[in-house]
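Trainee: The structure file run.pdb (PDB, C-alpha atoms) is provided below.
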```pdb
ATOM      1  CA  MET J  10     123.225 118.622 136.933  1.00  0.00           C
ATOM      2  CA  PRO J  11     121.895 117.413 133.534  1.00  0.00           C
ATOM      3  CA  ASN J  12     121.854 113.692 132.881  1.00  0.00           C
ATOM      4  CA  ARG J  13     124.527 113.459 130.168  1.00  0.00           C
ATOM      5  CA  THR J  14     123.964 109.769 129.541  1.00  0.00           C
ATOM      6  CA  SER J  15     120.268 110.387 128.918  1.00  0.00           C
ATOM      7  CA  LYS J  16     121.076 113.314 126.610  1.00  0.00           C
ATOM      8  CA  ARG J  17     123.548 111.195 124.653  1.00  0.00           C
ATOM      9  CA  GLY J  18     120.954 108.447 124.330  1.00  0.00           C
ATOM     10  CA  GLN J  19     118.370 110.924 123.076  1.00  0.00           C
ATOM     11  CA  ASP J  20     120.830 112.297 120.516  1.00  0.00           C
ATOM     12  CA  GLU J  21     121.684 108.807 119.277  1.00  0.00           C
ATOM     13  CA  ARG J  22     118.017 107.933 118.952  1.00  0.00           C
ATOM     14  CA  ALA J  23     117.315 111.135 117.025  1.00  0.00           C
ATOM     15  CA  ALA J  24     120.223 110.338 114.700  1.00  0.00           C
ATOM     16  CA  ALA J  25     118.905 106.800 114.168  1.00  0.00           C
ATOM     17  CA  LEU J  26     115.443 108.114 113.288  1.00  0.00           C
ATOM     18  CA  ARG J  27     116.950 110.616 110.835  1.00  0.00           C
ATOM     19  CA  ALA J  28     118.922 107.842 109.154  1.00  0.00           C
ATOM     20  CA  LEU J  29     115.836 105.634 108.977  1.00  0.00           C
ATOM     21  CA  THR J  30     113.724 108.460 107.572  1.00  0.00           C
ATOM     22  CA  ARG J  31     116.234 109.207 104.811  1.00  0.00           C
ATOM     23  CA  ALA J  32     116.798 105.585 103.846  1.00  0.00           C
ATOM     24  CA  LYS J  33     113.505 103.805 104.403  1.00  0.00           C
ATOM     25  CA  LEU J  34     110.448 106.045 104.851  1.00  0.00           C
ATOM     26  CA  HIS J  35     108.651 107.171 101.703  1.00  0.00           C
ATOM     27  CA  LEU J  36     105.421 109.018 100.979  1.00  0.00           C
ATOM     28  CA  VAL J  37     103.332 108.505  97.854  1.00  0.00           C
ATOM     29  CA  PRO J  38     103.267 111.881  96.024  1.00  0.00           C
ATOM     30  CA  GLY J  39      99.920 113.588  96.507  1.00  0.00           C
ATOM     31  CA  ALA J  40      98.830 110.883  98.953  1.00  0.00           C
ATOM     32  CA  LEU J  41      96.666 113.181 101.069  1.00  0.00           C
ATOM     33  CA  GLU J  42      94.730 114.305  98.009  1.00  0.00           C
ATOM     34  CA  GLN J  43      93.708 110.699  97.339  1.00  0.00           C
ATOM     35  CA  VAL J  44      91.957 109.979 100.655  1.00  0.00           C
ATOM     36  CA  PRO J  45      88.610 111.168 102.087  1.00  0.00           C
ATOM     37  CA  THR J  46      88.504 114.502 103.877  1.00  0.00           C
ATOM     38  CA  ALA J  47      87.866 112.796 107.222  1.00  0.00           C
ATOM     39  CA  ILE J  48      91.289 111.138 106.958  1.00  0.00           C
ATOM     40  CA  ARG J  49      93.083 114.116 105.405  1.00  0.00           C
ATOM     41  CA  GLU J  50      92.039 116.375 108.278  1.00  0.00           C
ATOM     42  CA  HIS J  51      94.177 114.375 110.700  1.00  0.00           C
ATOM     43  CA  PHE J  52      97.361 115.736 109.083  1.00  0.00           C
ATOM     44  CA  ASP J  53      98.438 119.372 109.050  1.00  0.00           C
ATOM     45  CA  SER J  54     100.987 119.082 106.223  1.00  0.00           C
ATOM     46  CA  PRO J  55     101.898 116.712 103.377  1.00  0.00           C
ATOM     47  CA  TRP J  56     104.882 115.394 105.383  1.00  0.00           C
ATOM     48  CA  ALA J  57     102.897 114.958 108.613  1.00  0.00           C
ATOM     49  CA  PRO J  58     102.074 111.262 107.964  1.00  0.00           C
ATOM     50  CA  VAL J  59     105.790 110.425 108.080  1.00  0.00           C
ATOM     51  CA  GLU J  60     106.143 112.240 111.406  1.00  0.00           C
ATOM     52  CA  VAL J  61     103.120 110.371 112.780  1.00  0.00           C
ATOM     53  CA  PHE J  62     104.635 107.085 111.632  1.00  0.00           C
ATOM     54  CA  LYS J  63     107.927 107.894 113.364  1.00  0.00           C
ATOM     55  CA  GLN J  64     106.051 108.484 116.611  1.00  0.00           C
ATOM     56  CA  GLN J  65     104.807 104.891 116.439  1.00  0.00           C
ATOM     57  CA  LEU J  66     108.427 103.719 116.508  1.00  0.00           C
ATOM     58  CA  ARG J  67     109.048 105.113 119.998  1.00  0.00           C
ATOM     59  CA  PRO J  68     109.105 101.683 121.718  1.00  0.00           C
ATOM     60  CA  PHE J  69     111.843 100.303 119.450  1.00  0.00           C
ATOM     61  CA  PRO J  70     115.487 100.207 120.588  1.00  0.00           C
ATOM     62  CA  THR J  71     117.947 102.586 118.953  1.00  0.00           C
ATOM     63  CA  GLY J  72     120.051  99.626 117.832  1.00  0.00           C
ATOM     64  CA  LEU J  73     117.090  98.175 115.967  1.00  0.00           C
ATOM     65  CA  LEU J  74     116.477 101.493 114.192  1.00  0.00           C
ATOM     66  CA  TYR J  75     120.125 101.734 113.105  1.00  0.00           C
ATOM     67  CA  PHE J  76     120.083  98.133 111.875  1.00  0.00           C
ATOM     68  CA  TRP J  77     116.919  98.760 109.868  1.00  0.00           C
ATOM     69  CA  ALA J  78     118.266 101.963 108.343  1.00  0.00           C
ATOM     70  CA  ALA J  79     121.448 100.209 107.218  1.00  0.00           C
ATOM     71  CA  GLN J  80     119.729  97.388 105.315  1.00  0.00           C
ATOM     72  CA  GLN J  81     119.410  97.386 101.549  1.00  0.00           C
ATOM     73  CA  ARG J  82     115.822  96.143 101.780  1.00  0.00           C
ATOM     74  CA  GLY J  83     112.867  96.883 104.040  1.00  0.00           C
ATOM     75  CA  HIS J  84     111.088 100.107 103.069  1.00  0.00           C
ATOM     76  CA  VAL J  85     107.898 101.771 104.245  1.00  0.00           C
ATOM     77  CA  LEU J  86     105.656 103.447 101.693  1.00  0.00           C
ATOM     78  CA  ILE J  87     102.865 105.594 103.150  1.00  0.00           C
ATOM     79  CA  GLY J  88      99.940 106.117 100.819  1.00  0.00           C
ATOM     80  CA  PRO J  89      96.196 105.910 100.312  1.00  0.00           C
ATOM     81  CA  GLN J  90      96.039 102.088 100.332  1.00  0.00           C
ATOM     82  CA  ASP J  91      97.205  99.227 102.547  1.00  0.00           C
ATOM     83  CA  ARG J  92      98.797  96.496 100.436  1.00  0.00           C
ATOM     84  CA  ASP J  93     100.457  94.621 103.320  1.00  0.00           C
ATOM     85  CA  TYR J  94     104.188  93.901 103.472  1.00  0.00           C
ATOM     86  CA  MET J  95     105.405  92.762 100.067  1.00  0.00           C
ATOM     87  CA  PRO J  96     108.836  91.075  99.749  1.00  0.00           C
ATOM     88  CA  GLY J  97     110.941  91.433  96.638  1.00  0.00           C
ATOM     89  CA  PRO J  98     111.675  94.275  94.198  1.00  0.00           C
ATOM     90  CA  GLN J  99     108.737  96.437  93.138  1.00  0.00           C
ATOM     91  CA  ARG J 100     108.233  99.735  91.419  1.00  0.00           C
ATOM     92  CA  CYS J 101     107.068 102.585  93.637  1.00  0.00           C
ATOM     93  CA  GLY J 102     106.599 105.683  91.519  1.00  0.00           C
ATOM     94  CA  GLN J 103     109.898 106.515  89.825  1.00  0.00           C
ATOM     95  CA  ARG J 104     112.005 104.160  91.945  1.00  0.00           C
ATOM     96  CA  MET J 105     112.475 100.473  92.581  1.00  0.00           C
ATOM     97  CA  LEU J 106     112.285  99.386  96.211  1.00  0.00           C
ATOM     98  CA  ASP J 107     112.977  95.927  97.621  1.00  0.00           C
ATOM     99  CA  GLY J 108     110.736  94.686 100.433  1.00  0.00           C
ATOM    100  CA  VAL J 109     107.996  97.253 101.084  1.00  0.00           C
ATOM    101  CA  ALA J 110     105.472  97.669 103.891  1.00  0.00           C
ATOM    102  CA  HIS J 111     102.565  99.616 102.395  1.00  0.00           C
ATOM    103  CA  VAL J 112     101.076 101.697 105.221  1.00  0.00           C
ATOM    104  CA  ALA J 113      97.647 103.263 104.717  1.00  0.00           C
ATOM    105  CA  LEU J 114      96.975 106.854 105.765  1.00  0.00           C
ATOM    106  CA  ALA J 115      93.737 105.628 107.346  1.00  0.00           C
ATOM    107  CA  ASP J 116      95.731 103.478 109.781  1.00  0.00           C
ATOM    108  CA  LEU J 117      97.944 106.417 110.720  1.00  0.00           C
ATOM    109  CA  ALA J 118      94.884 108.603 111.262  1.00  0.00           C
ATOM    110  CA  THR J 119      93.211 106.122 113.609  1.00  0.00           C
ATOM    111  CA  ALA J 120      96.393 104.997 115.406  1.00  0.00           C
ATOM    112  CA  ASN J 121      95.395 101.320 115.272  1.00  0.00           C
ATOM    113  CA  SER J 122      97.740  98.338 115.461  1.00  0.00           C
ATOM    114  CA  ARG J 123      97.874  97.684 111.724  1.00  0.00           C
ATOM    115  CA  LEU J 124     100.979  99.748 110.957  1.00  0.00           C
ATOM    116  CA  LEU J 125     102.968  98.081 113.760  1.00  0.00           C
ATOM    117  CA  VAL J 126     101.917  94.669 112.450  1.00  0.00           C
ATOM    118  CA  LEU J 127     103.304  95.663 109.054  1.00  0.00           C
ATOM    119  CA  VAL J 128     106.554  96.812 110.678  1.00  0.00           C
ATOM    120  CA  GLY J 129     106.669  93.492 112.520  1.00  0.00           C
ATOM    121  CA  ARG J 130     106.425  91.569 109.261  1.00  0.00           C
ATOM    122  CA  LEU J 131     109.149  93.705 107.706  1.00  0.00           C
ATOM    123  CA  LEU J 132     111.497  93.245 110.682  1.00  0.00           C
ATOM    124  CA  ASP J 133     110.753  89.523 110.841  1.00  0.00           C
ATOM    125  CA  HIS J 134     112.008  89.272 107.252  1.00  0.00           C
ATOM    126  CA  LEU J 135     115.041  91.549 107.726  1.00  0.00           C
ATOM    127  CA  VAL J 136     116.324  89.830 110.869  1.00  0.00           C
ATOM    128  CA  GLY J 137     115.636  86.424 109.353  1.00  0.00           C
ATOM    129  CA  CYS J 138     117.554  86.852 106.097  1.00  0.00           C
ATOM    130  CA  ARG J 139     118.034  90.599 105.439  1.00  0.00           C
ATOM    131  CA  GLY J 140     114.854  90.559 103.383  1.00  0.00           C
ATOM    132  CA  ALA J 141     115.954  88.109 100.685  1.00  0.00           C
ATOM    133  CA  ALA J 142     112.878  87.176  98.664  1.00  0.00           C
ATOM    134  CA  ASP J 143     113.517  83.436  99.007  1.00  0.00           C
ATOM    135  CA  GLY J 144     115.080  83.527 102.480  1.00  0.00           C
ATOM    136  CA  ALA J 145     113.788  82.230 105.820  1.00  0.00           C
ATOM    137  CA  TRP J 146     112.143  84.810 108.052  1.00  0.00           C
ATOM    138  CA  LEU J 147     112.994  84.904 111.763  1.00  0.00           C
ATOM    139  CA  SER J 148     109.649  83.283 112.606  1.00  0.00           C
ATOM    140  CA  ASP J 149     110.443  80.507 110.096  1.00  0.00           C
ATOM    141  CA  GLY J 150     113.441  79.672 112.267  1.00  0.00           C
ATOM    142  CA  GLY J 151     115.839  81.832 110.262  1.00  0.00           C
ATOM    143  CA  GLY J 152     118.311  84.409 111.512  1.00  0.00           C
ATOM    144  CA  ILE J 153     121.167  86.523 110.158  1.00  0.00           C
ATOM    145  CA  THR J 154     123.510  85.392 112.970  1.00  0.00           C
ATOM    146  CA  HIS J 155     123.712  82.344 115.205  1.00  0.00           C
ATOM    147  CA  ARG J 156     122.096  84.282 118.072  1.00  0.00           C
ATOM    148  CA  TRP J 157     119.219  85.372 115.851  1.00  0.00           C
ATOM    149  CA  GLN J 158     118.791  81.789 114.639  1.00  0.00           C
ATOM    150  CA  GLU J 159     118.354  80.739 118.256  1.00  0.00           C
ATOM    151  CA  VAL J 160     115.681  83.423 118.627  1.00  0.00           C
ATOM    152  CA  GLY J 161     114.007  82.260 115.430  1.00  0.00           C
ATOM    153  CA  GLN J 162     113.891  78.663 116.614  1.00  0.00           C
ATOM    154  CA  ARG J 163     112.347  79.813 119.885  1.00  0.00           C
ATOM    155  CA  VAL J 164     109.680  81.811 118.035  1.00  0.00           C
ATOM    156  CA  ARG J 165     108.807  78.676 116.072  1.00  0.00           C
ATOM    157  CA  GLU J 166     108.487  76.700 119.303  1.00  0.00           C
ATOM    158  CA  LEU J 167     106.202  79.328 120.843  1.00  0.00           C
ATOM    159  CA  PHE J 168     104.085  79.540 117.702  1.00  0.00           C
ATOM    160  CA  ALA J 169     103.476  75.794 117.919  1.00  0.00           C
ATOM    161  CA  LEU J 170     101.953  76.243 121.392  1.00  0.00           C
ATOM    162  CA  GLY J 171      98.944  77.935 119.779  1.00  0.00           C
ATOM    163  CA  TYR J 172      98.779  81.157 121.803  1.00  0.00           C
ATOM    164  CA  GLY J 173      98.297  83.397 118.752  1.00  0.00           C
ATOM    165  CA  GLN J 174      95.640  86.000 119.506  1.00  0.00           C
ATOM    166  CA  SER J 175      93.989  85.865 116.084  1.00  0.00           C
ATOM    167  CA  GLU J 176      93.103  83.083 113.688  1.00  0.00           C
ATOM    168  CA  ALA J 177      95.888  84.232 111.379  1.00  0.00           C
ATOM    169  CA  ALA J 178      98.427  84.184 114.217  1.00  0.00           C
ATOM    170  CA  GLN J 179      97.409  80.639 115.116  1.00  0.00           C
ATOM    171  CA  HIS J 180      98.046  79.383 111.587  1.00  0.00           C
ATOM    172  CA  ASP J 181     100.916  81.541 110.296  1.00  0.00           C
ATOM    173  CA  PRO J 182     104.207  82.111 112.188  1.00  0.00           C
ATOM    174  CA  HIS J 183     104.730  85.412 110.361  1.00  0.00           C
ATOM    175  CA  ALA J 184     101.409  86.725 111.661  1.00  0.00           C
ATOM    176  CA  TYR J 185     102.165  85.327 115.121  1.00  0.00           C
ATOM    177  CA  PHE J 186     105.431  87.250 115.372  1.00  0.00           C
ATOM    178  CA  ALA J 187     104.141  90.475 113.818  1.00  0.00           C
ATOM    179  CA  GLU J 188     100.999  90.624 115.947  1.00  0.00           C
ATOM    180  CA  GLY J 189     103.003  89.767 119.048  1.00  0.00           C
ATOM    181  CA  LEU J 190     105.505  92.546 118.386  1.00  0.00           C
ATOM    182  CA  ALA J 191     102.695  95.049 117.799  1.00  0.00           C
ATOM    183  CA  ALA J 192     101.021  93.945 121.032  1.00  0.00           C
ATOM    184  CA  TYR J 193     104.296  94.383 122.926  1.00  0.00           C
ATOM    185  CA  CYS J 194     104.571  97.971 121.683  1.00  0.00           C
ATOM    186  CA  LEU J 195     100.954  98.898 122.379  1.00  0.00           C
ATOM    187  CA  ASP J 196     100.153  96.992 125.580  1.00  0.00           C
ATOM    188  CA  ARG J 197     102.992  94.894 126.884  1.00  0.00           C
ATOM    189  CA  ARG J 198     101.084  93.936 130.023  1.00  0.00           C
ATOM    190  CA  ALA J 199      98.210  92.513 127.988  1.00  0.00           C
ATOM    191  CA  LEU J 200     100.661  90.489 125.884  1.00  0.00           C
ATOM    192  CA  ASN J 201     102.246  89.158 129.060  1.00  0.00           C
ATOM    193  CA  VAL J 202      98.843  87.874 130.147  1.00  0.00           C
ATOM    194  CA  ALA J 203      97.956  86.370 126.752  1.00  0.00           C
ATOM    195  CA  ASP J 204     101.379  84.992 125.759  1.00  0.00           C
ATOM    196  CA  PRO J 205     103.940  85.468 128.562  1.00  0.00           C
ATOM    197  CA  LEU J 206     106.670  83.405 126.902  1.00  0.00           C
ATOM    198  CA  LEU J 207     106.607  85.541 123.757  1.00  0.00           C
ATOM    199  CA  GLU J 208     106.550  88.735 125.835  1.00  0.00           C
ATOM    200  CA  ARG J 209     109.660  87.607 127.707  1.00  0.00           C
ATOM    201  CA  LEU J 210     111.436  86.551 124.514  1.00  0.00           C
ATOM    202  CA  LEU J 211     110.805  89.918 122.856  1.00  0.00           C
ATOM    203  CA  HIS J 212     111.916  91.718 126.019  1.00  0.00           C
ATOM    204  CA  ARG J 213     115.239  89.846 126.005  1.00  0.00           C
ATOM    205  CA  THR J 214     115.951  90.139 122.288  1.00  0.00           C
ATOM    206  CA  VAL J 215     114.158  92.236 119.668  1.00  0.00           C
ATOM    207  CA  MET J 216     113.138  94.966 122.124  1.00  0.00           C
ATOM    208  CA  ASN J 217     116.351  94.892 124.158  1.00  0.00           C
ATOM    209  CA  GLU J 218     118.979  97.586 123.557  1.00  0.00           C
ATOM    210  CA  GLY J 219     121.681  95.381 125.060  1.00  0.00           C
ATOM    211  CA  PHE J 220     120.916  92.543 122.668  1.00  0.00           C
ATOM    212  CA  TRP J 221     121.381  94.858 119.685  1.00  0.00           C
ATOM    213  CA  ALA J 222     124.618  96.269 121.151  1.00  0.00           C
ATOM    214  CA  ALA J 223     125.981  92.741 121.557  1.00  0.00           C
ATOM    215  CA  GLU J 224     125.045  91.919 117.965  1.00  0.00           C
ATOM    216  CA  GLU J 225     126.875  95.011 116.723  1.00  0.00           C
ATOM    217  CA  GLU J 226     130.008  94.016 118.637  1.00  0.00           C
TER
END
```
Could you quickly redo this structure as structure tokens?

Mentor:
Amino acid sequence: MPNRTSKRGQDERAAALRALTRAKLHLVPGALEQVPTAIREHFDSPWAPVEVFKQQLRPFPTGLLYFWAAQQRGHVLIGPQDRDYMPGPQRCGQRMLDGVAHVALADLATANSRLLVLVGRLLDHLVGCRGAADGAWLSDGGGITHRWQEVGQRVRELFALGYGQSEAAQHDPHAYFAEGLAAYCLDRRALNVADPLLERLLHRTVMNEGFWAAEEE
């Protein structure tokens, strides 16, 4: 007999990804024509970079995807250049977007950790203050609810322990959170060895479907 619960979960996840794609994922027009052939050859259609990006979101809970899709801010713009995550309103082609992670086609082609770090910075800002330009990010100790504020305070405490895996992560709580989240998605076991307290915190909260369901309730 088919597993109906699993099928329902798959359908909900597919719906969440569709909502996120419509609301938050954007592609610079003619982006593939602006990169070297060696990068362009990794994609079989102009829309393929968006599909590749969506594949990188597989580790994230469905509740997180729905939350992200519903926010006013927090966009992803895929194009020829990486300009980091940039808070605040900015013009992107013919539209104005607020809070944009600029993902480079080169990072999608090589499947490195950079794009997940950018997503981590974006989510850090959204969960901290819904992306307000002058608001406190989660890793600053912020949080859009009391439970998220508790998580934010814990991230700050863990950052102070100095287990960041890069120089940036040891000096900047935003980098610490974003790199930690990317590491969780790519190699959770390695993160558990390097920073077990952060791995456990992410497992209980940001990467936990039950935590998001409780927040929604």

Trainee: Which residues, written as a list of chain:residue names, have at least one atom at most 8 Å from region 43-58 of chain J, with all atoms listed in the file counted and residues fewer than 6 positions away on the same chain left out?

Mentor: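 Within the cut-off, the hits are J:Leu36, J:Ile87, J:Pro89, J:Leu114, J:Ala115, J:Leu117, J:Ala118.
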
Trainee: Quick one: which residues end up in the PyMOL selection byres ((chain J and resi 132-134) around 9) for this structure, as a ChimeraX atom specification?

Mentor: /J:77,83,96,108,127-131,135-142,144-148,151,183,186-187

Trainee: For the atom pair CA of Leu74 (chain J) and CA of Leu29 (chain J), what is the interatomic distance in Å to one decimal place?

Mentor: 6.7 Å

Trainee: Restricting the calculation to all atoms listed in the file, which member of J:Val164, J:Leu86, J:Leu206, J:Leu200 is positioned closest to Asp107 (chain J)?

Mentor: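 Looking only at the distances to Asp107 (chain J), the closest residue turns out to be J:Leu86.
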
Trainee: Check the smallest atom-to-atom distance from each of J:Ser122, J:Gln99, J:Arg213, J:Ala222 to Arg82 (chain J) using all atoms listed in the file, then report the winner.

Mentor: J:Gln99

Trainee: Enumerate, as a ChimeraX atom specification, the protein, DNA and RNA residues whose atoms approach (98.1, 98.8, 115.2) to within 12 Å, taking into account only C-alpha atoms and the coordinate frame of the file.

Mentor: /J:62,65-66,112-113,115-129,187-196

Trainee: Starting from the PyMOL selection byres ((chain J and resi 220) around 12), expand the selection into actual residues of this file and give them as a PyMOL selection string.

Mentor: chain J and resi 70-73+156-157+160+210-219+221-226

Trainee: So the first atom is CA of Ala79 (chain J) and the second is CA of Glu159 (chain J); what is the distance between them in Å, to one decimal place?

Mentor: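 Atom-to-atom, CA of Ala79 (chain J) and CA of Glu159 (chain J) are spaced 22.6 Å apart.
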
Trainee: Taking all atoms of region 195-210 of chain J that the file lists, what box with edges along x, y and z, padded by 8 Å per side, do you get, with centre and edge lengths in Å to one decimal, as JSON?

Mentor:
```
{"center_x": 104.7, "center_y": 91.2, "center_z": 126.3, "size_x": 29.5, "size_y": 31.5, "size_z": 23.8}
```

Trainee: Dump as a list in words all residues having an atom at most 10 Å from (111.9, 77.7, 119.0), computed in the file's coordinates with only C-alpha atoms.

Mentor: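 Checking each residue against the 10 Å limit leaves Ser148, Asp149, Gly150, Gln158, Glu159, Val160, Gly161, Gln162, Arg163, Val164, Arg165, Glu166, Leu167, Phe168 and Ala169 of chain J.
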
Trainee: Record the distance separating CA of Gly88 (chain J) and CA of Cys101 (chain J), expressed in Å with one decimal.

Mentor: 10.7 Å

Trainee: Please complete region 136-152 of chain J so it has N, CA, C and O atoms, and hand it over as a JSON list (two decimals), in the frame of the given file.

Mentor:
```
[["chain", "number", "residue", "atom", "x", "y", "z"],
["J", 136, "VAL", "N", 115.48, 90.50, 109.88],
["J", 136, "VAL", "CA", 116.32, 89.83, 110.87],
["J", 136, "VAL", "C", 116.49, 88.36, 110.51],
["J", 136, "VAL", "O", 117.49, 87.74, 110.85],
["J", 137, "GLY", "N", 115.53, 87.82, 109.77],
["J", 137, "GLY", "CA", 115.64, 86.42, 109.35],
["J", 137, "GLY", "C", 116.66, 86.21, 108.28],
["J", 137, "GLY", "O", 117.47, 85.26, 108.35],
["J", 138, "CYS", "N", 116.67, 87.10, 107.25],
["J", 138, "CYS", "CA", 117.55, 86.85, 106.10],
["J", 138, "CYS", "C", 117.90, 88.14, 105.35],
["J", 138, "CYS", "O", 118.20, 88.09, 104.17],
["J", 139, "ARG", "N", 117.81, 89.28, 106.04],
["J", 139, "ARG", "CA", 118.03, 90.60, 105.44],
["J", 139, "ARG", "C", 117.07, 90.87, 104.28],
["J", 139, "ARG", "O", 117.38, 91.59, 103.34],
["J", 140, "GLY", "N", 115.89, 90.27, 104.35],
["J", 140, "GLY", "CA", 114.85, 90.56, 103.38],
["J", 140, "GLY", "C", 114.99, 89.86, 102.04],
["J", 140, "GLY", "O", 114.30, 90.24, 101.09],
["J", 141, "ALA", "N", 115.83, 88.84, 101.95],
["J", 141, "ALA", "CA", 115.95, 88.11, 100.68],
["J", 141, "ALA", "C", 114.61, 87.47, 100.33],
["J", 141, "ALA", "O", 113.96, 86.87, 101.18],
["J", 142, "ALA", "N", 114.21, 87.61, 99.08],
["J", 142, "ALA", "CA", 112.88, 87.18, 98.66],
["J", 142, "ALA", "C", 112.64, 85.70, 98.94],
["J", 142, "ALA", "O", 111.52, 85.29, 99.26],
["J", 143, "ASP", "N", 113.68, 84.87, 98.82],
["J", 143, "ASP", "CA", 113.52, 83.44, 99.01],
["J", 143, "ASP", "C", 114.14, 82.95, 100.32],
["J", 143, "ASP", "O", 114.34, 81.76, 100.51],
["J", 144, "GLY", "N", 114.42, 83.88, 101.23],
["J", 144, "GLY", "CA", 115.08, 83.53, 102.48],
["J", 144, "GLY", "C", 114.11, 83.19, 103.60],
["J", 144, "GLY", "O", 112.90, 83.47, 103.51],
["J", 145, "ALA", "N", 114.61, 82.60, 104.66],
["J", 145, "ALA", "CA", 113.79, 82.23, 105.82],
["J", 145, "ALA", "C", 113.64, 83.43, 106.75],
["J", 145, "ALA", "O", 114.62, 84.05, 107.14],
["J", 146, "TRP", "N", 112.41, 83.74, 107.10],
["J", 146, "TRP", "CA", 112.14, 84.81, 108.05],
["J", 146, "TRP", "C", 112.55, 84.33, 109.45],
["J", 146, "TRP", "O", 112.71, 83.13, 109.69],
["J", 147, "LEU", "N", 112.67, 85.27, 110.38],
["J", 147, "LEU", "CA", 112.99, 84.90, 111.76],
["J", 147, "LEU", "C", 111.98, 83.89, 112.29],
["J", 147, "LEU", "O", 112.35, 82.87, 112.88],
["J", 148, "SER", "N", 110.70, 84.16, 112.08],
["J", 148, "SER", "CA", 109.65, 83.28, 112.61],
["J", 148, "SER", "C", 109.56, 81.95, 111.87],
["J", 148, "SER", "O", 108.82, 81.06, 112.29],
["J", 149, "ASP", "N", 110.31, 81.81, 110.76],
["J", 149, "ASP", "CA", 110.44, 80.51, 110.10],
["J", 149, "ASP", "C", 111.55, 79.68, 110.74],
["J", 149, "ASP", "O", 111.78, 78.54, 110.36],
["J", 150, "GLY", "N", 112.28, 80.31, 111.68],
["J", 150, "GLY", "CA", 113.44, 79.67, 112.27],
["J", 150, "GLY", "C", 114.73, 80.19, 111.69],
["J", 150, "GLY", "O", 115.81, 79.64, 111.96],
["J", 151, "GLY", "N", 114.65, 81.25, 110.86],
["J", 151, "GLY", "CA", 115.84, 81.83, 110.26],
["J", 151, "GLY", "C", 116.55, 82.77, 111.22],
["J", 151, "GLY", "O", 116.20, 82.88, 112.39],
["J", 152, "GLY", "N", 117.55, 83.48, 110.70],
["J", 152, "GLY", "CA", 118.31, 84.41, 111.51],
["J", 152, "GLY", "C", 119.61, 84.78, 110.83],
["J", 152, "GLY", "O", 120.27, 83.92, 110.26]]
```
